[in-house]
file upload17.pdb (PDB, C-alpha atoms)
ATOM      1  CA  MET A   1      48.548 -14.166 -59.063
ATOM      2  CA  ASP A   2      47.531 -10.534 -59.164
ATOM      3  CA  ALA A   3      48.716  -7.837 -56.762
ATOM      4  CA  ALA A   4      45.475  -7.746 -54.741
ATOM      5  CA  LYS A   5      45.663 -11.466 -53.945
ATOM      6  CA  LEU A   6      49.337 -11.142 -53.104
ATOM      7  CA  ALA A   7      48.583  -8.226 -50.756
ATOM      8  CA  LEU A   8      45.968 -10.312 -48.931
ATOM      9  CA  LYS A   9      48.407 -13.220 -48.548
ATOM     10  CA  VAL A  10      51.147 -10.912 -47.254
ATOM     11  CA  ARG A  11      48.669  -9.394 -44.804
ATOM     12  CA  LYS A  12      47.799 -12.885 -43.481
ATOM     13  CA  VAL A  13      51.499 -13.715 -43.049
ATOM     14  CA  LEU A  14      52.103 -10.422 -41.226
ATOM     15  CA  GLN A  15      49.103 -11.081 -38.981
ATOM     16  CA  LYS A  16      50.355 -14.552 -38.126
ATOM     17  CA  GLN A  17      54.096 -13.919 -37.867
ATOM     18  CA  ILE A  18      54.269 -10.385 -36.398
ATOM     19  CA  ARG A  19      51.027  -9.378 -34.723
ATOM     20  CA  ALA A  20      50.028 -12.751 -33.258
ATOM     21  CA  LYS A  21      53.495 -13.277 -31.770
ATOM     22  CA  GLY A  22      53.511  -9.878 -30.061
ATOM     23  CA  TYR A  23      56.338  -8.183 -31.943
ATOM     24  CA  GLU A  24      54.302  -4.993 -32.279
ATOM     25  CA  VAL A  25      54.467  -2.522 -29.417
ATOM     26  CA  GLY A  26      52.368   0.519 -28.660
ATOM     27  CA  ALA A  27      53.612   4.055 -29.130
ATOM     28  CA  GLU A  28      51.962   7.471 -29.214
ATOM     29  CA  LEU A  29      52.104   9.637 -32.309
ATOM     30  CA  LEU A  30      51.922  13.378 -31.673
ATOM     31  CA  SER A  31      50.526  15.351 -34.586
ATOM     32  CA  PRO A  32      50.815  19.135 -34.319
ATOM     33  CA  GLU A  33      48.281  21.339 -36.081
ATOM     34  CA  LYS A  34      50.920  22.722 -38.444
ATOM     35  CA  LEU A  35      53.371  20.137 -39.724
ATOM     36  CA  ASN A  36      56.928  21.449 -40.216
ATOM     37  CA  PRO A  37      59.184  18.535 -41.256
ATOM     38  CA  SER A  38      62.483  20.391 -41.298
ATOM     39  CA  ARG A  39      62.020  22.664 -38.265
ATOM     40  CA  LEU A  40      64.816  24.737 -39.802
ATOM     41  CA  ASN A  41      62.992  27.397 -41.772
ATOM     42  CA  ILE A  42      62.435  31.059 -41.082
ATOM     43  CA  SER A  43      58.728  30.714 -40.294
ATOM     44  CA  ASP A  44      59.358  28.360 -37.341
ATOM     45  CA  THR A  45      59.024  30.366 -34.123
ATOM     46  CA  GLY A  46      60.494  27.578 -32.003
ATOM     47  CA  GLU A  47      57.350  27.252 -29.923
ATOM     48  CA  ASN A  48      55.854  23.806 -29.714
ATOM     49  CA  ASP A  49      52.204  23.141 -30.325
ATOM     50  CA  PRO A  50      50.713  23.357 -26.799
ATOM     51  CA  ASP A  51      48.197  20.557 -27.345
ATOM     52  CA  PRO A  52      49.061  18.212 -30.228
ATOM     53  CA  ASN A  53      46.768  15.357 -31.194
ATOM     54  CA  LYS A  54      47.798  12.058 -29.567
ATOM     55  CA  GLU A  55      47.073   8.795 -31.330
ATOM     56  CA  THR A  56      48.175   5.317 -30.275
ATOM     57  CA  ILE A  57      49.837   3.325 -33.055
ATOM     58  CA  ARG A  58      51.486  -0.089 -33.279
ATOM     59  CA  ILE A  59      55.131  -0.327 -34.382
ATOM     60  CA  VAL A  60      57.752  -3.050 -34.843
ATOM     61  CA  VAL A  61      61.130  -1.807 -33.580
ATOM     62  CA  THR A  62      64.015  -2.893 -35.829
ATOM     63  CA  PHE A  63      66.861  -0.842 -34.278
ATOM     64  CA  HIS A  64      67.278   1.234 -31.132
ATOM     65  CA  GLY A  65      70.630   2.614 -30.087
ATOM     66  CA  LEU A  66      73.330   5.244 -30.342
ATOM     67  CA  VAL A  67      74.812   6.311 -33.664
ATOM     68  CA  GLU A  68      78.029   8.337 -33.651
ATOM     69  CA  ASN A  69      77.850  11.764 -35.271
ATOM     70  CA  PRO A  70      81.480  12.868 -35.756
ATOM     71  CA  THR A  71      82.135  16.599 -35.819
ATOM     72  CA  GLY A  72      85.225  18.777 -35.734
ATOM     73  CA  ILE A  73      85.041  19.155 -31.962
ATOM     74  CA  GLY A  74      84.387  15.512 -31.114
ATOM     75  CA  ASP A  75      81.910  12.696 -31.436
ATOM     76  CA  ASN A  76      78.313  13.412 -30.588
ATOM     77  CA  PRO A  77      76.147  10.308 -30.346
ATOM     78  CA  ASN A  78      72.560  10.513 -31.533
ATOM     79  CA  GLU A  79      69.967   8.154 -30.104
ATOM     80  CA  MET A  80      68.153   6.671 -33.082
ATOM     81  CA  LEU A  81      65.044   4.538 -33.393
ATOM     82  CA  GLU A  82      64.189   2.587 -36.528
ATOM     83  CA  PHE A  83      60.869   0.810 -36.867
ATOM     84  CA  ILE A  84      58.238  -0.321 -39.319
ATOM     85  CA  VAL A  85      54.551   0.508 -39.349
ATOM     86  CA  ILE A  86      51.987  -1.664 -41.113
ATOM     87  CA  GLU A  87      48.996   0.287 -42.470
ATOM     88  CA  ASP A  88      46.118  -0.555 -44.756
ATOM     89  CA  GLY A  89      45.441   2.931 -46.121
ATOM     90  CA  THR A  90      42.236   3.553 -44.186
ATOM     91  CA  GLU A  91      43.875   5.359 -41.269
ATOM     92  CA  PRO A  92      42.938   9.021 -40.743
ATOM     93  CA  ASP A  93      45.645  11.599 -41.480
ATOM     94  CA  ILE A  94      46.437  12.228 -37.789
ATOM     95  CA  LYS A  95      47.151   8.504 -37.293
ATOM     96  CA  GLN A  96      49.534   8.206 -40.261
ATOM     97  CA  VAL A  97      53.266   8.239 -39.617
ATOM     98  CA  GLN A  98      54.825  11.206 -41.447
ATOM     99  CA  GLU A  99      58.080  13.103 -41.327
ATOM    100  CA  GLY A 100      58.136  15.923 -38.785
ATOM    101  CA  ARG A 101      55.814  14.265 -36.293
ATOM    102  CA  ILE A 102      56.868  13.202 -32.811
ATOM    103  CA  LEU A 103      56.721   9.632 -31.537
ATOM    104  CA  LEU A 104      56.547   8.849 -27.808
ATOM    105  CA  TYR A 105      58.160   5.476 -27.237
ATOM    106  CA  ASN A 106      59.611   4.051 -24.038
ATOM    107  CA  ALA A 107      59.095   7.389 -22.226
ATOM    108  CA  LYS A 108      61.215   9.275 -24.788
ATOM    109  CA  ARG A 109      60.363  11.644 -27.624
ATOM    110  CA  TYR A 110      61.603  10.929 -31.143
ATOM    111  CA  ASN A 111      61.406  13.271 -34.123
ATOM    112  CA  ILE A 112      60.475  11.279 -37.233
ATOM    113  CA  THR A 113      63.083  12.221 -39.823
ATOM    114  CA  LEU A 114      62.613   9.683 -42.628
ATOM    115  CA  VAL A 115      59.609   7.659 -43.807
ATOM    116  CA  SER A 116      60.033   5.164 -46.663
ATOM    117  CA  PRO A 117      56.683   3.642 -47.645
ATOM    118  CA  ALA A 118      56.198   0.518 -49.731
ATOM    119  CA  THR A 119      52.708  -0.079 -51.145
ATOM    120  CA  LEU A 120      51.286  -3.336 -52.445
ATOM    121  CA  ALA A 121      48.137  -3.012 -54.594
ATOM    122  CA  GLY A 122      46.972  -0.081 -52.483
ATOM    123  CA  LEU A 123      45.796  -2.568 -49.845
ATOM    124  CA  LEU A 124      48.914  -2.839 -47.729
ATOM    125  CA  ILE A 125      51.374  -0.113 -46.796
ATOM    126  CA  ILE A 126      54.573  -0.924 -44.938
ATOM    127  CA  LYS A 127      56.529   2.143 -43.817
ATOM    128  CA  GLU A 128      60.155   1.936 -42.792
ATOM    129  CA  VAL A 129      60.814   4.842 -40.413
ATOM    130  CA  THR A 130      63.879   6.493 -38.868
ATOM    131  CA  ALA A 131      63.533   8.788 -35.857
ATOM    132  CA  LYS A 132      65.992  10.752 -33.718
ATOM    133  CA  ALA A 133      65.626  11.309 -29.974
ATOM    134  CA  VAL A 134      64.807  14.879 -28.946
ATOM    135  CA  LYS A 135      64.428  16.561 -25.574
TER     136      LYS A 135
END

call {"tool": "encode", "arguments": {"input": "upload17.pdb", "output": "structure tokens"}}
result
Amino acid sequence: MDAAKLALKVRKVLQKQIRAKGYEVGAELLSPEKLNPSRLNISDTGENDPDPNKETIRIVVTFHGLVENPTGIGDNPNEMLEFIVIEDGTEPDIKQVQEGRILLYNAKRYNITLVSPATLAGLLIIKEVTAKAVK
């Protein structure tokens, strides 16, 4: 079996086992005009983009909770969100999940800090994403 056939079979399984059963939820992806993944460089003025592009995407949440961040002055919990996104490669750039973008989920804002994509024959892209809650 070649990779293209395997990608089509995996897509059918994902459609049947994840999408048809309602495991995907809607979230909004905010894409600023200028993407700054680190937000810690000298050119960042600290001002947010006043009107970022909003796109609705479908995600499968795999973890949502507090993660302890120990420091010298005490523990500081970070609210983390881990999810996967299933893409087929035809999405426009503003609808693709990338590091540095903001995700609105469950009335909270999350900064996307890590995106780990896995591609199968260029037909199916599954991204494993980690995001941290921001105010």

call {"tool": "atom_distance", "arguments": {"input": "upload17.pdb", "atom1": "CA of Val61 in chain A", "atom2": "CA of Pro32 in chain A"}}
result
23.4 Å

call {"tool": "closest_residue", "arguments": {"input": "upload17.pdb", "among": "A:Ile57, A:Ile73, A:Leu124, A:Val67", "to": "Pro92 in chain A", "atoms": "all atoms listed in the file"}}
result
A:Ile57

call {"tool": "atom_distance", "arguments": {"input": "upload17.pdb", "atom1": "CA of Ala7 in chain A", "atom2": "CA of Val25 in chain A"}}
result
22.9 Å

call {"tool": "residues_around", "arguments": {"input": "upload17.pdb", "residues": "Leu6 in chain A", "least_positions_apart": "6", "cutoff": "12 Å", "atoms": "all atoms listed in the file", "output": "ChimeraX atom specification"}}
result
/A:12-13,119-124

call {"tool": "residues_around", "arguments": {"input": "upload17.pdb", "residues": "Val129 in chain A", "least_positions_apart": "2", "cutoff": "10 Å", "atoms": "all atoms listed in the file", "output": "list in words"}}
result
Ile59, Val61, Thr62, Leu81, Glu82, Phe83, Ile84, Val85, Val97, Gln98, Glu99, Ile112, Thr113, Leu114, Val115, Ser116, Pro117, Ile126, Lys127 and Ala131 of chain A

call {"tool": "closest_residue", "arguments": {"input": "upload17.pdb", "among": "A:Thr71, A:Val60, A:Met1, A:Thr90", "to": "Gln17 in chain A", "atoms": "all atoms listed in the file"}}
result
A:Val60

call {"tool": "closest_residue", "arguments": {"input": "upload17.pdb", "among": "A:Ile125, A:Val10, A:Ala133, A:Ala4", "to": "Pro77 in chain A", "atoms": "all atoms listed in the file"}}
result
A:Ala133

call {"tool": "closest_residue", "arguments": {"input": "upload17.pdb", "among": "A:Lys9, A:Asn53, A:Asp93, A:Arg58", "to": "Glu24 in chain A", "atoms": "only C-alpha atoms"}}
result
A:Arg58

call {"tool": "atom_distance", "arguments": {"input": "upload17.pdb", "atom1": "CA of Asp2 in chain A", "atom2": "CA of Gly89 in chain A"}}
result
18.9 Å

call {"tool": "residues_near_point", "arguments": {"input": "upload17.pdb", "point": "(47.8, 5.8, -30.2)", "cutoff": "7 Å", "atoms": "only C-alpha atoms", "output": "PyMOL selection string"}}
result
chain A and resi 27-29+54-57

call {"tool": "closest_residue", "arguments": {"input": "upload17.pdb", "among": "A:Leu66, A:Asp75, A:Ala107, A:Glu87", "to": "Lys132 in chain A", "atoms": "only C-alpha atoms"}}
result
A:Leu66

call {"tool": "closest_residue", "arguments": {"input": "upload17.pdb", "among": "A:Met80, A:Ala118, A:Ile86, A:Leu8", "to": "Tyr105 in chain A", "atoms": "all atoms listed in the file"}}
result
A:Met80

call {"tool": "resolve_selection", "arguments": {"input": "upload17.pdb", "expression": "the PyMOL selection byres ((chain A and resi 135) around 12)", "output": "list in words"}}
result
Asn48, Asn78, Glu79, Ile102, Leu103, Leu104, Ala107, Lys108, Arg109, Tyr110, Asn111, Lys132, Ala133 and Val134 of chain A
